[in-house]
>>> print(open('model34.cif').read())   # mmCIF, C-alpha atoms
data_input
#
loop_
_atom_site.group_PDB
_atom_site.id
_atom_site.type_symbol
_atom_site.label_atom_id
_atom_site.label_comp_id
_atom_site.auth_asym_id
_atom_site.auth_seq_id
_atom_site.Cartn_x
_atom_site.Cartn_y
_atom_site.Cartn_z
ATOM 1 C CA MET A 1 7.732 -30.048 -23.881
ATOM 2 C CA LYS A 2 5.774 -26.952 -22.940
ATOM 3 C CA SER A 3 2.056 -27.594 -22.567
ATOM 4 C CA PRO A 4 -0.057 -25.484 -24.927
ATOM 5 C CA PHE A 5 -2.580 -25.082 -22.108
ATOM 6 C CA LEU A 6 -0.082 -23.825 -19.521
ATOM 7 C CA ILE A 7 -0.285 -20.135 -18.628
ATOM 8 C CA ASP A 8 2.691 -18.167 -19.919
ATOM 9 C CA LYS A 9 5.597 -17.768 -17.486
ATOM 10 C CA SER A 10 5.407 -13.966 -17.403
ATOM 11 C CA TYR A 11 1.838 -14.024 -16.040
ATOM 12 C CA ARG A 12 2.630 -16.670 -13.428
ATOM 13 C CA ILE A 13 5.703 -14.750 -12.236
ATOM 14 C CA ARG A 14 3.744 -11.516 -11.821
ATOM 15 C CA HIS A 15 1.011 -13.346 -9.899
ATOM 16 C CA LYS A 16 3.587 -14.969 -7.609
ATOM 17 C CA ILE A 17 5.356 -11.666 -6.897
ATOM 18 C CA LEU A 18 2.016 -10.100 -5.973
ATOM 19 C CA SER A 19 1.114 -13.106 -3.823
ATOM 20 C CA VAL A 20 4.204 -12.693 -1.607
ATOM 21 C CA LEU A 21 3.707 -8.932 -1.307
ATOM 22 C CA TYR A 22 0.004 -9.412 -0.552
ATOM 23 C CA ARG A 23 0.669 -12.009 2.169
ATOM 24 C CA ASP A 24 3.252 -9.720 3.755
ATOM 25 C CA TRP A 25 0.785 -6.822 3.678
ATOM 26 C CA LYS A 26 -2.043 -8.935 5.126
ATOM 27 C CA SER A 27 0.046 -10.526 7.889
ATOM 28 C CA ASN A 28 1.227 -7.100 9.041
ATOM 29 C CA ASN A 29 -2.145 -5.540 9.871
ATOM 30 C CA ARG A 30 -2.700 -4.477 6.247
ATOM 31 C CA GLU A 31 -0.054 -1.820 6.661
ATOM 32 C CA TYR A 32 1.025 -0.071 3.475
ATOM 33 C CA ASN A 33 4.604 1.025 2.835
ATOM 34 C CA ARG A 34 6.068 -2.304 3.849
ATOM 35 C CA PHE A 35 9.050 -3.411 1.842
ATOM 36 C CA VAL A 36 9.895 -6.929 0.780
ATOM 37 C CA GLY A 37 13.260 -7.811 -0.728
ATOM 38 C CA SER A 38 13.573 -9.721 -3.972
ATOM 39 C CA ILE A 39 15.608 -12.407 -2.173
ATOM 40 C CA GLN A 40 12.655 -13.103 0.136
ATOM 41 C CA ILE A 41 10.317 -13.288 -2.856
ATOM 42 C CA SER A 42 12.738 -15.639 -4.573
ATOM 43 C CA THR A 43 12.968 -17.863 -1.476
ATOM 44 C CA GLU A 44 9.201 -18.046 -1.018
ATOM 45 C CA THR A 45 8.316 -18.647 -4.657
ATOM 46 C CA ASN A 46 11.370 -20.493 -6.008
ATOM 47 C CA LEU A 47 11.549 -17.876 -8.750
ATOM 48 C CA LEU A 48 14.953 -16.816 -10.000
ATOM 49 C CA PRO A 49 15.924 -13.293 -8.839
ATOM 50 C CA ASP A 50 16.619 -12.429 -12.496
ATOM 51 C CA ASP A 51 13.047 -13.348 -13.424
ATOM 52 C CA ILE A 52 11.704 -11.234 -10.569
ATOM 53 C CA HIS A 53 13.808 -8.229 -11.606
ATOM 54 C CA GLU A 54 12.752 -8.688 -15.216
ATOM 55 C CA TRP A 55 9.009 -8.747 -14.638
ATOM 56 C CA GLN A 56 8.713 -6.337 -11.708
ATOM 57 C CA ASN A 57 8.858 -3.399 -14.110
ATOM 58 C CA LEU A 58 5.572 -4.435 -15.684
ATOM 59 C CA LEU A 59 3.969 -4.335 -12.240
ATOM 60 C CA VAL A 60 5.488 -0.888 -11.667
ATOM 61 C CA ASN A 61 4.076 0.306 -14.999
ATOM 62 C CA GLU A 62 0.613 -0.816 -13.893
ATOM 63 C CA SER A 63 0.995 1.156 -10.606
ATOM 64 C CA GLU A 64 0.598 -2.127 -8.709
ATOM 65 C CA ILE A 65 3.906 -1.965 -6.859
ATOM 66 C CA VAL A 66 6.714 0.487 -6.242
ATOM 67 C CA THR A 67 10.313 -0.683 -6.276
ATOM 68 C CA SER A 68 13.699 0.502 -5.200
ATOM 69 C CA ASP A 69 17.068 -0.801 -6.284
ATOM 70 C CA ASN A 70 19.862 0.323 -4.009
ATOM 71 C CA ASP A 71 23.169 -0.861 -5.394
ATOM 72 C CA GLY A 72 21.593 -4.128 -6.492
ATOM 73 C CA GLN A 73 19.432 -4.637 -3.403
ATOM 74 C CA VAL A 74 15.874 -4.684 -4.673
ATOM 75 C CA MET A 75 12.837 -3.986 -2.498
ATOM 76 C CA MET A 76 9.179 -3.847 -3.433
ATOM 77 C CA SER A 77 6.023 -2.564 -1.831
ATOM 78 C CA ILE A 78 2.496 -3.498 -2.892
ATOM 79 C CA GLN A 79 -0.040 -0.762 -3.648
ATOM 80 C CA GLN A 80 -3.833 -0.737 -3.708
ATOM 81 C CA LYS A 81 -3.952 -1.606 -7.385
ATOM 82 C CA GLY A 82 -1.632 -4.537 -6.743
ATOM 83 C CA ILE A 83 -3.848 -5.850 -3.965
ATOM 84 C CA SER A 84 -6.899 -5.642 -6.257
ATOM 85 C CA ALA A 85 -4.965 -7.352 -9.058
ATOM 86 C CA TYR A 86 -3.929 -10.221 -6.758
ATOM 87 C CA ILE A 87 -7.361 -10.744 -5.177
ATOM 88 C CA ASP A 88 -8.972 -10.673 -8.619
ATOM 89 C CA ASN A 89 -6.374 -13.129 -10.010
ATOM 90 C CA LYS A 90 -5.832 -10.578 -12.769
ATOM 91 C CA TYR A 91 -2.645 -12.128 -14.148
ATOM 92 C CA LEU A 92 -3.951 -15.688 -14.047
ATOM 93 C CA LYS A 93 -7.078 -14.555 -15.928
ATOM 94 C CA ASP A 94 -5.022 -12.524 -18.419
ATOM 95 C CA GLY A 95 -2.694 -15.497 -18.877
ATOM 96 C CA ARG A 96 -5.578 -17.866 -19.596
ATOM 97 C CA GLN A 97 -7.138 -15.367 -22.002
ATOM 98 C CA ASN A 98 -3.800 -14.916 -23.735
ATOM 99 C CA LYS A 99 -3.470 -18.693 -24.103
ATOM 100 C CA LEU A 100 -7.019 -19.008 -25.486
ATOM 101 C CA ASP A 101 -6.330 -16.168 -27.934
ATOM 102 C CA GLY A 102 -3.205 -18.008 -29.067
ATOM 103 C CA ILE A 103 -5.123 -21.263 -29.585
ATOM 104 C CA TRP A 104 -7.891 -19.370 -31.405
ATOM 105 C CA ASN A 105 -5.351 -17.677 -33.680
ATOM 106 C CA TRP A 106 -3.931 -21.082 -34.626
ATOM 107 C CA ALA A 107 -7.408 -22.526 -35.065
ATOM 108 C CA ARG A 108 -8.306 -19.698 -37.462
ATOM 109 C CA ILE A 109 -5.502 -20.867 -39.734
ATOM 110 C CA VAL A 110 -5.620 -24.633 -39.168
ATOM 111 C CA ILE A 111 -9.418 -25.169 -39.467
ATOM 112 C CA PRO A 112 -9.904 -23.501 -42.911
ATOM 113 C CA LEU A 113 -6.689 -25.128 -44.142
ATOM 114 C CA GLY A 114 -7.897 -28.529 -42.933
ATOM 115 C CA THR A 115 -11.276 -27.960 -44.575
ATOM 116 C CA LEU A 116 -9.575 -27.040 -47.835
ATOM 117 C CA ILE A 117 -7.396 -30.154 -47.778
ATOM 118 C CA LEU A 118 -10.426 -32.312 -46.940
ATOM 119 C CA ALA A 119 -12.413 -30.734 -49.781
ATOM 120 C CA GLY A 120 -9.551 -31.443 -52.205
ATOM 121 C CA TYR A 121 -9.322 -35.043 -51.016
ATOM 122 C CA ASN A 122 -13.114 -35.515 -51.382
ATOM 123 C CA TYR A 123 -13.007 -34.042 -54.880
ATOM 124 C CA TYR A 124 -10.238 -36.484 -55.839
ATOM 125 C CA VAL A 125 -12.103 -39.476 -54.370
ATOM 126 C CA ASN A 126 -15.433 -38.441 -55.961
ATOM 127 C CA LYS A 127 -13.761 -38.019 -59.325
ATOM 128 C CA GLY A 128 -12.578 -41.635 -59.170
ATOM 129 C CA LEU A 129 -16.038 -42.839 -58.069
ATOM 130 C CA THR A 130 -17.740 -40.978 -60.913
ATOM 131 C CA ALA A 131 -15.453 -42.693 -63.411
ATOM 132 C CA LYS A 132 -16.211 -46.090 -61.880
ATOM 133 C CA ILE A 133 -19.982 -45.456 -61.928
ATOM 134 C CA LYS A 134 -19.789 -44.482 -65.623
ATOM 135 C CA GLU A 135 -17.833 -47.637 -66.329
ATOM 136 C CA ILE A 136 -20.464 -49.784 -64.585
ATOM 137 C CA GLU A 137 -23.273 -47.954 -66.425
ATOM 138 C CA ASN A 138 -21.559 -48.684 -69.730
ATOM 139 C CA LYS A 139 -21.197 -52.340 -68.817
ATOM 140 C CA ILE A 140 -24.890 -52.595 -67.853
ATOM 141 C CA THR A 141 -25.883 -50.923 -71.112
ATOM 142 C CA GLN A 142 -23.748 -53.406 -73.058
ATOM 143 C CA LEU A 143 -25.228 -56.342 -71.138
ATOM 144 C CA LYS A 144 -28.795 -55.164 -71.914
ATOM 145 C CA LYS A 145 -27.986 -55.193 -75.595
ATOM 146 C CA MET B 1 33.249 5.216 -5.971
ATOM 147 C CA TYR B 2 29.817 6.105 -7.257
ATOM 148 C CA LYS B 3 26.838 3.978 -6.413
ATOM 149 C CA LEU B 4 23.324 4.063 -7.802
ATOM 150 C CA ALA B 5 19.946 3.713 -6.202
ATOM 151 C CA TYR B 6 16.639 4.198 -7.882
ATOM 152 C CA VAL B 7 13.031 4.125 -6.908
ATOM 153 C CA SER B 8 10.277 3.606 -9.403
ATOM 154 C CA GLY B 9 6.500 3.654 -9.319
ATOM 155 C CA ASN B 10 3.346 5.718 -9.449
ATOM 156 C CA SER B 11 4.161 9.288 -8.462
ATOM 157 C CA PHE B 12 1.582 9.203 -5.634
ATOM 158 C CA ASP B 13 3.066 6.097 -4.037
ATOM 159 C CA LEU B 14 6.755 6.893 -4.058
ATOM 160 C CA SER B 15 7.345 8.976 -0.933
ATOM 161 C CA SER B 16 7.756 6.100 1.535
ATOM 162 C CA ILE B 17 10.069 4.004 -0.566
ATOM 163 C CA LEU B 18 12.127 7.105 -1.421
ATOM 164 C CA LYS B 19 12.417 7.955 2.281
ATOM 165 C CA ARG B 20 13.456 4.385 3.075
ATOM 166 C CA THR B 21 16.065 4.361 0.294
ATOM 167 C CA ILE B 22 17.604 7.643 1.467
ATOM 168 C CA GLU B 23 17.664 6.297 5.032
ATOM 169 C CA ASP B 24 19.470 3.181 3.775
ATOM 170 C CA ILE B 25 22.026 5.383 2.022
ATOM 171 C CA ASN B 26 22.533 7.380 5.220
ATOM 172 C CA VAL B 27 22.976 4.216 7.297
ATOM 173 C CA VAL B 28 25.981 3.180 5.229
ATOM 174 C CA GLY B 29 27.398 6.716 5.378
ATOM 175 C CA GLY B 30 26.603 7.514 1.772
ATOM 176 C CA LYS B 31 26.778 11.059 0.456
ATOM 177 C CA ILE B 32 24.254 11.924 -2.229
ATOM 178 C CA VAL B 33 25.891 13.511 -5.252
ATOM 179 C CA GLN B 34 22.946 13.940 -7.579
ATOM 180 C CA ILE B 35 19.276 13.061 -7.928
ATOM 181 C CA VAL B 36 17.762 12.619 -11.375
ATOM 182 C CA GLN B 37 14.074 12.200 -12.096
ATOM 183 C CA SER B 38 12.441 10.837 -15.208
ATOM 184 C CA GLN B 39 8.816 10.060 -15.822
ATOM 185 C CA SER B 40 6.420 8.513 -18.264
ATOM 186 C CA SER B 41 2.683 7.839 -18.450
ATOM 187 C CA ASN B 42 1.213 4.373 -18.397
ATOM 188 C CA PRO B 43 -1.861 3.409 -20.476
ATOM 189 C CA GLY B 44 -4.059 4.005 -17.415
ATOM 190 C CA GLY B 45 -2.998 7.635 -17.346
ATOM 191 C CA PHE B 46 -0.835 7.316 -14.229
ATOM 192 C CA THR B 47 2.507 9.039 -14.063
ATOM 193 C CA ILE B 48 5.278 6.528 -13.486
ATOM 194 C CA VAL B 49 8.296 8.229 -11.972
ATOM 195 C CA THR B 50 11.828 6.922 -11.657
ATOM 196 C CA ILE B 51 14.123 8.760 -9.282
ATOM 197 C CA THR B 52 17.779 7.871 -9.607
ATOM 198 C CA ILE B 53 20.089 8.739 -6.731
ATOM 199 C CA ILE B 54 23.813 8.853 -7.334
ATOM 200 C CA TYR B 55 25.834 8.639 -4.132
ATOM 201 C CA THR B 56 29.318 7.948 -2.897
ATOM 202 C CA ILE B 57 30.572 6.034 0.099
ATOM 203 C CA THR B 58 33.816 7.197 1.592
ATOM 204 C CA GLU B 59 35.978 4.152 2.211
#
>>> encode(input="model34.cif", output="structure tokens")
Amino acid sequence: MKSPFLIDKSYRIRHKILSVLYRDWKSNNREYNRFVGSIQISTETNLLPDDIHEWQNLLVNESEIVTSDNDGQVMMSIQQKGISAYIDNKYLKDGRQNKLDGIWNWARIVIPLGTLILAGYNYYVNKGLTAKIKEIENKITQLKK
Amino acid sequence: MYKLAYVSGNSFDLSSILKRTIEDINVVGGKIVQIVQSQSSNPGGFTIVTITIIYTITE
């Protein structure tokens, strides 16, 4: 079962893609315009190539990487924004925030609902107690007579 | 037989990867038939360009 506290797959995949591209950039004298194939990313991260191809477009839309697909051969190159995003753990932070927002959204429904149910239960229990107290009062009154 | 290549990214960052892709096409003896460009803006105001290259390889 999926843990409710686990960061969503899409955020983890984007972070992992950036991590491979960043390491390649760093280990090659911080040279821009280096290209890394999706197969290499898949090998280093154990991500499925399909997942990489699916989520790379979001990184492109954020201007963090550029990609090329030549007859199915995919290559990527990290850009300055991508480096900043990786160093800042942007996608891990966004993923955690997204998870907290999700929990908060559930809590906003569950907590008032729970309170309402509890209030109804208390009302029911109190109603029974009130009846019992009245019964005892009546008995005491009768005994006094 | 037609083949497709495309490059995609921020318009300012595309030149190198476009050059590399065209070089790769040349290496396999590909002949470029048409180049099509499309673009959109991302929420940050950057222009995201996709350049599609249609090429053939003579068997």
>>> closest_residue(input="model34.cif", among="B:Val7, B:Ile51, B:Met1, B:Leu18", to="Ser38 of chain B", atoms="all atoms listed in the file")
B:Ile51
>>> resolve_selection(input="model34.cif", expression="the PyMOL selection byres ((chain A) within 12 of (chain B))", output="PDB file with C-alpha atoms, keeping the file's coordinate frame")
ATOM      1  CA  TYR A  32       1.025  -0.071   3.475  1.00  0.00           C
ATOM      2  CA  ASN A  33       4.604   1.025   2.835  1.00  0.00           C
ATOM      3  CA  ARG A  34       6.068  -2.304   3.849  1.00  0.00           C
ATOM      4  CA  PHE A  35       9.050  -3.411   1.842  1.00  0.00           C
ATOM      5  CA  VAL A  36       9.895  -6.929   0.780  1.00  0.00           C
ATOM      6  CA  GLN A  56       8.713  -6.337 -11.708  1.00  0.00           C
ATOM      7  CA  ASN A  57       8.858  -3.399 -14.110  1.00  0.00           C
ATOM      8  CA  LEU A  58       5.572  -4.435 -15.684  1.00  0.00           C
ATOM      9  CA  LEU A  59       3.969  -4.335 -12.240  1.00  0.00           C
ATOM     10  CA  VAL A  60       5.488  -0.888 -11.667  1.00  0.00           C
ATOM     11  CA  ASN A  61       4.076   0.306 -14.999  1.00  0.00           C
ATOM     12  CA  GLU A  62       0.613  -0.816 -13.893  1.00  0.00           C
ATOM     13  CA  SER A  63       0.995   1.156 -10.606  1.00  0.00           C
ATOM     14  CA  GLU A  64       0.598  -2.127  -8.709  1.00  0.00           C
ATOM     15  CA  ILE A  65       3.906  -1.965  -6.859  1.00  0.00           C
ATOM     16  CA  VAL A  66       6.714   0.487  -6.242  1.00  0.00           C
ATOM     17  CA  THR A  67      10.313  -0.683  -6.276  1.00  0.00           C
ATOM     18  CA  SER A  68      13.699   0.502  -5.200  1.00  0.00           C
ATOM     19  CA  ASP A  69      17.068  -0.801  -6.284  1.00  0.00           C
ATOM     20  CA  ASN A  70      19.862   0.323  -4.009  1.00  0.00           C
ATOM     21  CA  ASP A  71      23.169  -0.861  -5.394  1.00  0.00           C
ATOM     22  CA  GLY A  72      21.593  -4.128  -6.492  1.00  0.00           C
ATOM     23  CA  GLN A  73      19.432  -4.637  -3.403  1.00  0.00           C
ATOM     24  CA  VAL A  74      15.874  -4.684  -4.673  1.00  0.00           C
ATOM     25  CA  MET A  75      12.837  -3.986  -2.498  1.00  0.00           C
ATOM     26  CA  MET A  76       9.179  -3.847  -3.433  1.00  0.00           C
ATOM     27  CA  SER A  77       6.023  -2.564  -1.831  1.00  0.00           C
ATOM     28  CA  ILE A  78       2.496  -3.498  -2.892  1.00  0.00           C
ATOM     29  CA  GLN A  79      -0.040  -0.762  -3.648  1.00  0.00           C
ATOM     30  CA  GLN A  80      -3.833  -0.737  -3.708  1.00  0.00           C
ATOM     31  CA  LYS A  81      -3.952  -1.606  -7.385  1.00  0.00           C
ATOM     32  CA  GLY A  82      -1.632  -4.537  -6.743  1.00  0.00           C
TER      33      GLY A  82
END
>>> residues_around(input="model34.cif", residues="Asn89 of chain A", least_positions_apart="4", cutoff="8 Å", atoms="all atoms listed in the file", output="PyMOL selection string")
chain A and resi 15+85+93
>>> write_last_selection(input="model34.cif", atoms="C-alpha atoms", output="tab-separated table (two decimals), keeping the file's coordinate frame")
chain	number	residue	atom	x	y	z
A	15	HIS	CA	1.01	-13.35	-9.90
A	85	ALA	CA	-4.96	-7.35	-9.06
A	93	LYS	CA	-7.08	-14.56	-15.93
>>> atom_distance(input="model34.cif", atom1="atom CA of Tyr91 of chain A", atom2="atom CA of Tyr11 of chain A")
5.2 Å
>>> atom_distance(input="model34.cif", atom1="atom CA of Asp101 of chain A", atom2="atom CA of Lys16 of chain A")
22.6 Å
>>> closest_residue(input="model34.cif", among="A:Lys139, A:Lys134, A:Arg23, A:Lys9", to="Tyr86 of chain A", atoms="only C-alpha atoms")
A:Arg23
